[in-house]
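The file data-v7.txt contains compact mmCIF, C-alpha atoms:
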```
# COMPACT_ATOMS: atom_id res chain seq x y z
CA MET X 1 -76.55 13.59 44.48
CA SER X 2 -74.50 10.46 44.54
CA LYS X 3 -76.25 7.33 45.87
CA THR X 4 -73.01 6.11 47.41
CA ARG X 5 -72.52 8.96 49.85
CA ILE X 6 -71.16 8.14 53.29
CA GLN X 7 -73.71 9.41 55.79
CA TRP X 8 -71.34 10.07 58.66
CA ILE X 9 -68.93 11.95 56.38
CA ASP X 10 -71.81 14.23 55.37
CA LEU X 11 -72.58 14.67 59.07
CA VAL X 12 -68.98 15.67 59.85
CA ARG X 13 -68.88 18.03 56.88
CA ALA X 14 -72.14 19.66 58.00
CA ILE X 15 -70.83 20.06 61.56
CA ALA X 16 -67.58 21.49 60.19
CA ILE X 17 -69.22 24.29 58.21
CA LEU X 18 -71.65 25.12 61.01
CA THR X 19 -68.76 25.45 63.47
CA VAL X 20 -66.83 27.63 61.02
CA LEU X 21 -69.83 29.95 60.73
CA TYR X 22 -70.18 29.84 64.50
CA ILE X 23 -66.61 30.91 65.23
CA HIS X 24 -66.76 33.67 62.64
CA ALA X 25 -70.00 34.95 64.17
CA THR X 26 -68.59 34.81 67.70
CA ASP X 27 -65.23 36.32 66.73
CA GLY X 28 -66.97 39.07 64.83
CA ILE X 29 -69.14 40.05 67.80
CA TYR X 30 -66.30 39.99 70.32
CA ILE X 31 -63.84 41.80 68.04
CA ILE X 32 -66.22 44.59 67.14
CA SER X 33 -67.23 44.91 70.82
CA SER X 34 -63.61 44.98 71.98
CA ASP X 35 -63.93 48.53 73.33
CA SER X 36 -66.06 47.12 76.13
CA ILE X 37 -63.83 44.11 76.69
CA MET X 38 -63.18 44.92 80.34
CA ASN X 39 -66.93 44.91 80.98
CA TYR X 40 -67.37 41.29 79.94
CA GLY X 41 -68.66 39.18 82.81
CA VAL X 42 -67.23 35.78 83.73
CA TYR X 43 -70.01 33.97 81.88
CA SER X 44 -69.53 36.02 78.74
CA ARG X 45 -65.80 35.37 78.88
CA LEU X 46 -66.30 31.62 79.39
CA PHE X 47 -68.76 31.61 76.49
CA GLN X 48 -66.06 33.14 74.31
CA PHE X 49 -63.50 30.55 75.38
CA MET X 50 -65.92 27.65 74.87
CA SER X 51 -66.89 29.05 71.49
CA LEU X 52 -63.26 29.15 70.39
CA PHE X 53 -62.90 25.42 71.02
CA ILE X 54 -66.20 24.64 69.25
CA GLY X 55 -65.22 26.83 66.32
CA ARG X 56 -61.77 25.27 66.02
CA ILE X 57 -63.33 21.87 65.30
CA GLY X 58 -64.35 22.85 61.77
CA VAL X 59 -61.01 23.02 59.94
CA PRO X 60 -59.65 19.78 61.54
CA PHE X 61 -62.87 18.05 60.47
CA PHE X 62 -62.45 19.23 56.87
CA LEU X 63 -58.81 18.12 56.85
CA MET X 64 -59.52 14.71 58.38
CA ILE X 65 -62.24 14.17 55.77
CA THR X 66 -59.62 14.96 53.12
CA GLY X 67 -57.28 12.34 54.55
CA TYR X 68 -60.06 9.79 54.92
CA LEU X 69 -61.21 10.14 51.31
CA LEU X 70 -58.00 10.86 49.39
CA LEU X 71 -55.04 9.13 51.04
CA ASP X 72 -56.27 5.56 50.71
CA ARG X 73 -55.94 5.59 46.92
CA SER X 74 -53.44 4.42 44.34
CA TYR X 75 -51.83 7.25 42.39
CA ASP X 76 -49.88 6.68 39.19
CA ASP X 77 -48.47 9.40 36.90
CA GLU X 78 -51.66 9.73 34.87
CA TYR X 79 -53.90 9.80 37.94
CA VAL X 80 -51.71 12.41 39.65
CA ARG X 81 -51.98 14.73 36.66
CA LYS X 82 -55.74 14.19 36.56
CA PHE X 83 -56.01 14.76 40.32
CA TRP X 84 -54.06 18.02 40.13
CA THR X 85 -56.11 19.21 37.14
CA ASN X 86 -59.46 18.42 38.76
CA ASN X 87 -58.57 19.76 42.19
CA CYS X 88 -55.56 22.06 42.44
CA LYS X 89 -56.07 23.98 39.20
CA ASP X 90 -59.74 24.66 39.90
CA LEU X 91 -59.03 25.58 43.53
CA ILE X 92 -56.40 28.10 42.44
CA ILE X 93 -58.85 29.69 39.98
CA ILE X 94 -61.62 29.77 42.61
CA THR X 95 -59.24 31.35 45.12
CA ILE X 96 -58.32 34.12 42.67
CA ILE X 97 -61.98 34.74 41.78
CA TRP X 98 -63.11 35.00 45.40
CA THR X 99 -60.12 37.13 46.38
CA VAL X 100 -61.16 39.61 43.68
CA ILE X 101 -64.80 39.46 44.83
CA TYR X 102 -63.84 40.20 48.43
CA ALA X 103 -61.38 42.92 47.40
CA VAL X 104 -64.10 44.69 45.38
CA CYS X 105 -66.58 44.34 48.25
CA LEU X 106 -64.03 45.75 50.69
CA GLN X 107 -63.48 48.80 48.49
CA PHE X 108 -67.23 49.28 48.19
CA VAL X 109 -67.70 49.12 51.96
CA THR X 110 -64.79 51.46 52.80
CA ILE X 111 -65.90 54.01 50.20
CA ARG X 112 -69.48 54.03 51.49
CA SER X 113 -68.48 54.15 55.16
CA ALA X 114 -65.52 56.27 56.21
CA ALA X 115 -65.85 54.76 59.70
CA VAL X 116 -64.65 51.40 58.41
CA ASN X 117 -60.91 50.97 58.82
CA PRO X 118 -59.57 49.34 55.61
CA VAL X 119 -57.13 47.16 57.57
CA GLU X 120 -59.75 45.92 60.04
CA GLY X 121 -62.28 45.52 57.24
CA GLY X 122 -59.78 43.52 55.23
CA ASN X 123 -59.08 41.27 58.21
CA LEU X 124 -62.79 40.53 58.51
CA PHE X 125 -63.39 40.06 54.78
CA PHE X 126 -60.39 37.79 54.20
CA SER X 127 -60.33 36.05 57.60
CA HIS X 128 -61.25 32.68 56.08
CA MET X 129 -59.23 32.82 52.85
CA TRP X 130 -56.01 31.59 54.51
CA TYR X 131 -57.54 28.13 54.20
CA MET X 132 -57.39 28.14 50.40
CA PRO X 133 -53.60 28.24 49.78
CA MET X 134 -53.17 25.82 52.68
CA ILE X 135 -55.53 23.20 51.23
CA ILE X 136 -54.08 23.70 47.72
CA GLY X 137 -50.64 22.91 49.14
CA MET X 138 -52.04 19.82 50.85
CA TYR X 139 -53.64 18.64 47.61
CA LEU X 140 -50.36 19.01 45.74
CA SER X 141 -48.68 16.71 48.26
CA ILE X 142 -51.44 14.14 48.77
CA PRO X 143 -50.46 11.78 45.89
CA PHE X 144 -46.90 11.50 47.21
CA VAL X 145 -48.02 10.99 50.81
CA ALA X 146 -50.52 8.35 49.71
CA ALA X 147 -47.82 6.48 47.79
CA ALA X 148 -45.45 6.64 50.75
CA LEU X 149 -48.03 5.33 53.23
CA LYS X 150 -48.49 2.16 51.18
CA HIS X 151 -44.83 1.22 51.72
CA PHE X 152 -44.87 1.22 55.53
CA ASP X 153 -46.51 -0.99 58.11
CA GLU X 154 -48.79 0.14 60.93
CA ILE X 155 -46.04 0.39 63.57
CA THR X 156 -43.84 2.66 61.44
CA ILE X 157 -46.77 4.93 60.54
CA ASN X 158 -47.83 5.15 64.19
CA HIS X 159 -44.30 6.05 65.30
CA ALA X 160 -44.02 8.72 62.62
CA ALA X 161 -47.45 10.18 63.48
CA ILE X 162 -46.56 10.36 67.18
CA LEU X 163 -43.15 11.93 66.54
CA PHE X 164 -44.45 14.57 64.15
CA SER X 165 -47.34 15.35 66.52
CA LEU X 166 -44.92 15.89 69.39
CA LEU X 167 -42.83 18.27 67.30
CA ALA X 168 -45.78 20.13 65.77
CA PHE X 169 -48.07 20.37 68.80
CA VAL X 170 -46.34 19.62 72.10
CA VAL X 171 -43.13 21.62 71.62
CA PRO X 172 -44.99 24.88 70.75
CA PHE X 173 -47.30 24.25 73.72
CA ILE X 174 -44.30 24.04 76.05
CA THR X 175 -42.99 27.29 74.58
CA VAL X 176 -46.32 29.00 75.33
CA LEU X 177 -46.31 27.66 78.90
CA LEU X 178 -42.82 29.03 79.48
CA ASP X 179 -43.78 32.36 77.94
CA ILE X 180 -46.85 32.70 80.18
CA HIS X 181 -44.63 32.23 83.24
CA GLY X 182 -42.11 34.85 82.18
CA ILE X 183 -39.50 32.61 80.56
CA LYS X 184 -39.17 34.45 77.27
CA ASN X 185 -37.46 33.79 73.95
CA VAL X 186 -37.46 30.01 74.34
CA SER X 187 -38.33 28.97 70.82
CA ILE X 188 -37.40 25.61 69.33
CA GLN X 189 -37.96 25.53 65.60
CA PHE X 190 -38.35 22.34 63.60
CA SER X 191 -38.79 22.35 59.85
CA LEU X 192 -41.85 20.22 59.18
CA GLY X 193 -42.56 21.52 55.70
CA PHE X 194 -42.62 18.17 53.92
CA SER X 195 -45.06 16.81 56.52
CA GLY X 196 -47.58 19.59 55.97
CA GLY X 197 -47.06 20.73 59.55
CA VAL X 198 -50.04 20.65 61.87
CA TYR X 199 -52.48 20.55 58.95
CA GLY X 200 -50.76 17.54 57.42
CA ILE X 201 -51.08 15.67 60.72
CA TYR X 202 -54.85 16.23 60.73
CA ILE X 203 -54.98 14.76 57.23
CA ILE X 204 -52.92 11.74 58.29
CA LEU X 205 -55.28 11.16 61.23
CA GLY X 206 -58.18 11.00 58.79
CA TYR X 207 -56.32 8.30 56.89
CA LEU X 208 -55.65 6.35 60.10
CA VAL X 209 -59.35 6.48 60.95
CA LYS X 210 -60.08 5.09 57.48
CA LYS X 211 -57.68 2.19 58.16
CA ASP X 212 -59.46 1.41 61.49
CA TYR X 213 -56.32 2.00 63.56
CA PHE X 214 -58.36 3.14 66.55
CA LYS X 215 -61.32 0.77 66.54
CA LYS X 216 -59.71 -1.29 69.30
CA TYR X 217 -60.44 1.54 71.73
CA SER X 218 -63.93 1.92 73.18
CA SER X 219 -66.18 4.85 72.29
CA ASN X 220 -66.32 5.86 75.95
CA LYS X 221 -62.56 6.50 75.91
CA PHE X 222 -62.95 8.87 72.97
CA ARG X 223 -65.90 10.61 74.63
CA LEU X 224 -63.75 11.14 77.71
CA LEU X 225 -60.87 12.40 75.57
CA ALA X 226 -63.18 14.91 73.85
CA ILE X 227 -64.55 16.19 77.17
CA ILE X 228 -61.10 16.50 78.76
CA SER X 229 -59.76 18.29 75.67
CA PHE X 230 -62.66 20.73 75.76
CA LEU X 231 -62.17 21.49 79.45
CA ILE X 232 -58.41 21.97 79.10
CA CYS X 233 -58.85 24.34 76.16
CA VAL X 234 -61.37 26.45 78.07
CA LEU X 235 -59.44 26.45 81.34
CA PHE X 236 -56.10 27.16 79.66
CA GLN X 237 -57.57 30.17 77.86
CA TYR X 238 -59.00 31.44 81.15
CA TYR X 239 -55.70 30.88 82.92
CA ALA X 240 -53.82 32.79 80.23
CA PHE X 241 -56.38 35.58 80.49
CA ILE X 242 -56.07 36.02 84.26
CA ARG X 243 -52.28 35.98 83.85
CA GLY X 244 -52.61 38.84 81.39
CA TYR X 245 -51.17 36.75 78.56
CA ASN X 246 -52.48 37.30 75.04
CA PHE X 247 -53.17 33.69 74.06
CA PHE X 248 -54.97 32.82 70.84
CA LEU X 249 -56.37 29.31 70.49
CA TRP X 250 -55.34 27.92 67.10
CA TYR X 251 -55.02 24.57 65.39
CA GLU X 252 -51.54 23.79 66.71
CA PHE X 253 -52.86 23.65 70.29
CA PRO X 254 -52.52 19.95 71.27
CA PHE X 255 -55.97 19.72 72.84
CA VAL X 256 -57.67 21.08 69.75
CA LEU X 257 -56.00 18.14 68.00
CA THR X 258 -57.10 15.53 70.57
CA GLY X 259 -60.61 16.93 70.91
CA SER X 260 -61.38 17.20 67.19
CA PHE X 261 -59.81 13.81 66.48
CA ALA X 262 -61.84 12.11 69.24
CA LEU X 263 -65.06 13.57 67.87
CA PHE X 264 -64.15 12.58 64.31
CA GLU X 265 -63.46 8.99 65.40
CA LEU X 266 -66.77 8.88 67.26
CA CYS X 267 -68.64 10.15 64.19
CA SER X 268 -66.95 7.49 62.03
CA ARG X 269 -68.62 4.81 64.18
CA ARG X 270 -72.13 5.95 63.34
CA LYS X 271 -73.98 3.59 61.04
CA THR X 272 -76.84 5.94 60.27
CA VAL X 273 -77.51 9.65 60.72
CA ARG X 274 -80.80 11.05 61.94
CA LEU X 275 -82.52 13.60 59.71
CA TYR X 276 -80.06 12.68 56.99
CA PRO X 277 -81.79 14.51 54.09
CA GLY X 278 -81.26 17.81 55.92
CA VAL X 279 -77.69 16.87 56.86
CA GLN X 280 -77.03 16.00 53.22
CA VAL X 281 -78.13 19.46 52.08
CA LEU X 282 -75.91 21.13 54.70
CA SER X 283 -73.02 18.97 53.50
CA LYS X 284 -73.61 19.51 49.79
CA TYR X 285 -73.39 23.30 50.03
CA SER X 286 -70.73 23.41 52.76
CA PHE X 287 -67.81 24.62 50.65
CA ALA X 288 -69.99 27.08 48.77
CA VAL X 289 -71.15 28.52 52.10
CA PHE X 290 -67.55 28.69 53.27
CA LEU X 291 -66.68 30.81 50.25
CA ILE X 292 -69.70 33.08 50.41
CA HIS X 293 -70.54 33.63 54.07
CA ASN X 294 -68.24 36.59 54.78
CA LEU X 295 -70.20 38.65 52.25
CA PHE X 296 -73.03 38.56 54.81
CA ARG X 297 -71.00 38.69 58.01
CA ILE X 298 -69.68 42.21 57.34
CA PRO X 299 -73.04 44.00 56.78
CA LEU X 300 -74.81 41.97 59.48
CA LEU X 301 -72.20 42.63 62.19
CA PRO X 302 -73.01 46.29 62.96
CA LEU X 303 -76.73 45.53 62.92
CA VAL X 304 -76.45 42.66 65.38
CA VAL X 305 -73.92 44.43 67.61
CA GLY X 306 -76.44 47.25 68.06
CA LEU X 307 -79.06 44.92 69.52
CA PRO X 308 -79.77 45.32 73.27
CA TYR X 309 -78.49 41.87 74.23
CA THR X 310 -75.37 40.35 75.74
CA GLU X 311 -72.48 39.29 73.49
CA PRO X 312 -73.30 35.55 73.68
CA VAL X 313 -76.89 36.20 72.56
CA LYS X 314 -75.69 38.48 69.77
CA ALA X 315 -73.23 35.80 68.62
CA ILE X 316 -75.99 33.18 68.42
CA ILE X 317 -78.26 35.57 66.52
CA LEU X 318 -75.49 36.40 64.03
CA TRP X 319 -74.68 32.70 63.62
CA VAL X 320 -78.31 31.84 62.78
CA LEU X 321 -78.51 34.73 60.32
CA LEU X 322 -75.25 33.66 58.67
CA ILE X 323 -76.54 30.11 58.24
CA PHE X 324 -79.81 31.32 56.70
CA PHE X 325 -78.43 33.94 54.30
CA SER X 326 -75.31 31.97 53.29
CA TYR X 327 -77.22 28.81 52.44
CA ALA X 328 -79.99 30.73 50.69
CA ALA X 329 -77.43 32.57 48.56
CA ALA X 330 -75.46 29.39 47.80
CA ILE X 331 -78.61 27.54 46.69
CA ILE X 332 -79.70 30.46 44.49
CA VAL X 333 -76.28 31.02 42.90
CA TYR X 334 -75.84 27.28 42.30
CA ARG X 335 -78.93 27.31 40.09
CA ILE X 336 -77.56 29.94 37.70
CA PRO X 337 -76.80 28.00 34.47
CA ARG X 338 -73.10 27.57 33.59
CA PHE X 339 -72.08 29.82 36.44
CA GLY X 340 -73.22 28.77 39.89
CA LYS X 341 -71.69 25.33 39.97
CA TYR X 342 -68.27 26.57 38.90
CA ILE X 343 -68.08 29.78 40.94
CA LEU X 344 -68.98 27.81 44.07
CA TYR X 345 -66.67 24.85 43.30
CA MET X 346 -69.52 22.35 43.64
CA ARG X 347 -69.07 18.86 42.23
```
Using structure tokens, write down the structure from this file.
Amino acid sequence: MSKTRIQWIDLVRAIAILTVLYIHATDGIYIISSDSIMNYGVYSRLFQFMSLFIGRIGVPFFLMITGYLLLDRSYDDEYVRKFWTNNCKDLIIITIIWTVIYAVCLQFVTIRSAAVNPVEGGNLFFSHMWYMPMIIGMYLSIPFVAAALKHFDEITINHAAILFSLLAFVVPFITVLLDIHGIKNVSIQFSLGFSGGVYGIYIILGYLVKKDYFKKYSSNKFRLLAIISFLICVLFQYYAFIRGYNFFLWYEFPFVLTGSFALFELCSRRKTVRLYPGVQVLSKYSFAVFLIHNLFRIPLLPLVVGLPYTEPVKAIILWVLLIFFSYAAAIIVYRIPRFGKYILYMR
């Protein structure tokens, strides 16, 4: 491994993959147990809502790492072509390979078990693959965004970040609020394609952390922001639930943005990381585990669901099993000569 690794970045990357596994474990348990949804107690329901916030931290962390590491660079024509070749081309190939792998596995599962609905099975198998075309699109744009950022001062960048955040996060939130209270069909659409939308804003925030834009604020303020964001996310989900509104917490929710950003900023202030050798291993195999973990989630789900425990306990058990099997498989596959490193996109 590189001797110049940034410890806190490895910590954030490790947290990110663990939260992704966590949300996929929790979602899997609650989705497959949906027939008994009305029997969930208050504590089980609150566990689900808290888990959704925890699980939604992962993707913002990955995106902010991308902005932190890639936007503060100088890109000329030659470097752009090299960047696209080393990143976008390989990511496209990896996406195709893993789409085929999951498609074959889905066919194998549906053929062996007639009880498995192909649509539901496909949703579970491919639930994480939406990330791949999104991050490929971000990588294609990063050289141009990086070049643009170098031409503007701090005030202009701050104003742009605030404006785009309002359009991408606050306006949809207002629409949801109106919809919950019976004011339907109020939808204000802004085209934010060139900005990367909500995902582009997470990347820009990573860059702003790199430039120390927020160091003037105390850590206690960011801790408070993280706690408030967590509470609002949980309470808003509960409020939508008791109103009978089908609300799904996603990355455009403004308090997912504020909560994940506050935690990222706090992590960036760490000088050292405890138990760093273990954190480094979790970080090194994070993307490989992201690619591979759904191969274990599908066969493990029915086994764990059948255990005589509550849904929260089942979710924790499935999460631990996913961590163990996914990392074990990634480490084994990585050691296959001329195959493992490429198929897992490990650098």
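CA of Ile57 in chain X is positioned 17.1 Å from CA of Met129 in chain X.
Comparing the minimum interatomic distances between Leu69 in chain X and each of X:Pro312, X:Gly206, X:Pro277, X:Gly196, counting all atoms listed in the file, we find that X:Gly206 sits nearest.
Between CA of Phe255 in chain X and CA of Ile65 in chain X lies a distance of 19.0 Å.
Residues within 10 Å of Ser44 in chain X, counting all atoms listed in the file and excluding same-chain residues fewer than 5 positions away, are Tyr30, Asn39, Phe49, Met50, Thr310, Glu311, Pro312 and Val313 of chain X.
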**Message:** Taking 5 positions as the minimum chain separation for residues in the same chain, which residues sit within 8 Å of range 317-322 of chain X when counting only C-alpha atoms? Answer as a count of residues only.
**Reply:** 10
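Nearest-residue note for Leu205 in chain X: choosing from X:Asn87, X:Ser127, X:Gln280, X:Ser260, the minimum distance belongs to X:Ser260, counting only C-alpha atoms.
CA of Val42 in chain X is positioned 25.2 Å from CA of Gly182 in chain X.
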**Prompt:** Using all atoms listed in the file, which of the listed residues (X:Pro133, X:Arg5, X:Ser286, X:Gly244) sits closest to Ile96 in chain X?
**Reply:** X:Pro133
**Request:** Please provide the set of residues having any atom within 12 Å of range 225-229 of chain X, restricted to all atoms listed in the file, with same-chain residues fewer than 4 positions apart removed, written as a VMD selection string.
**Result:** chain X and resid 50 53 to 54 57 217 to 221 233 to 236 253 to 266
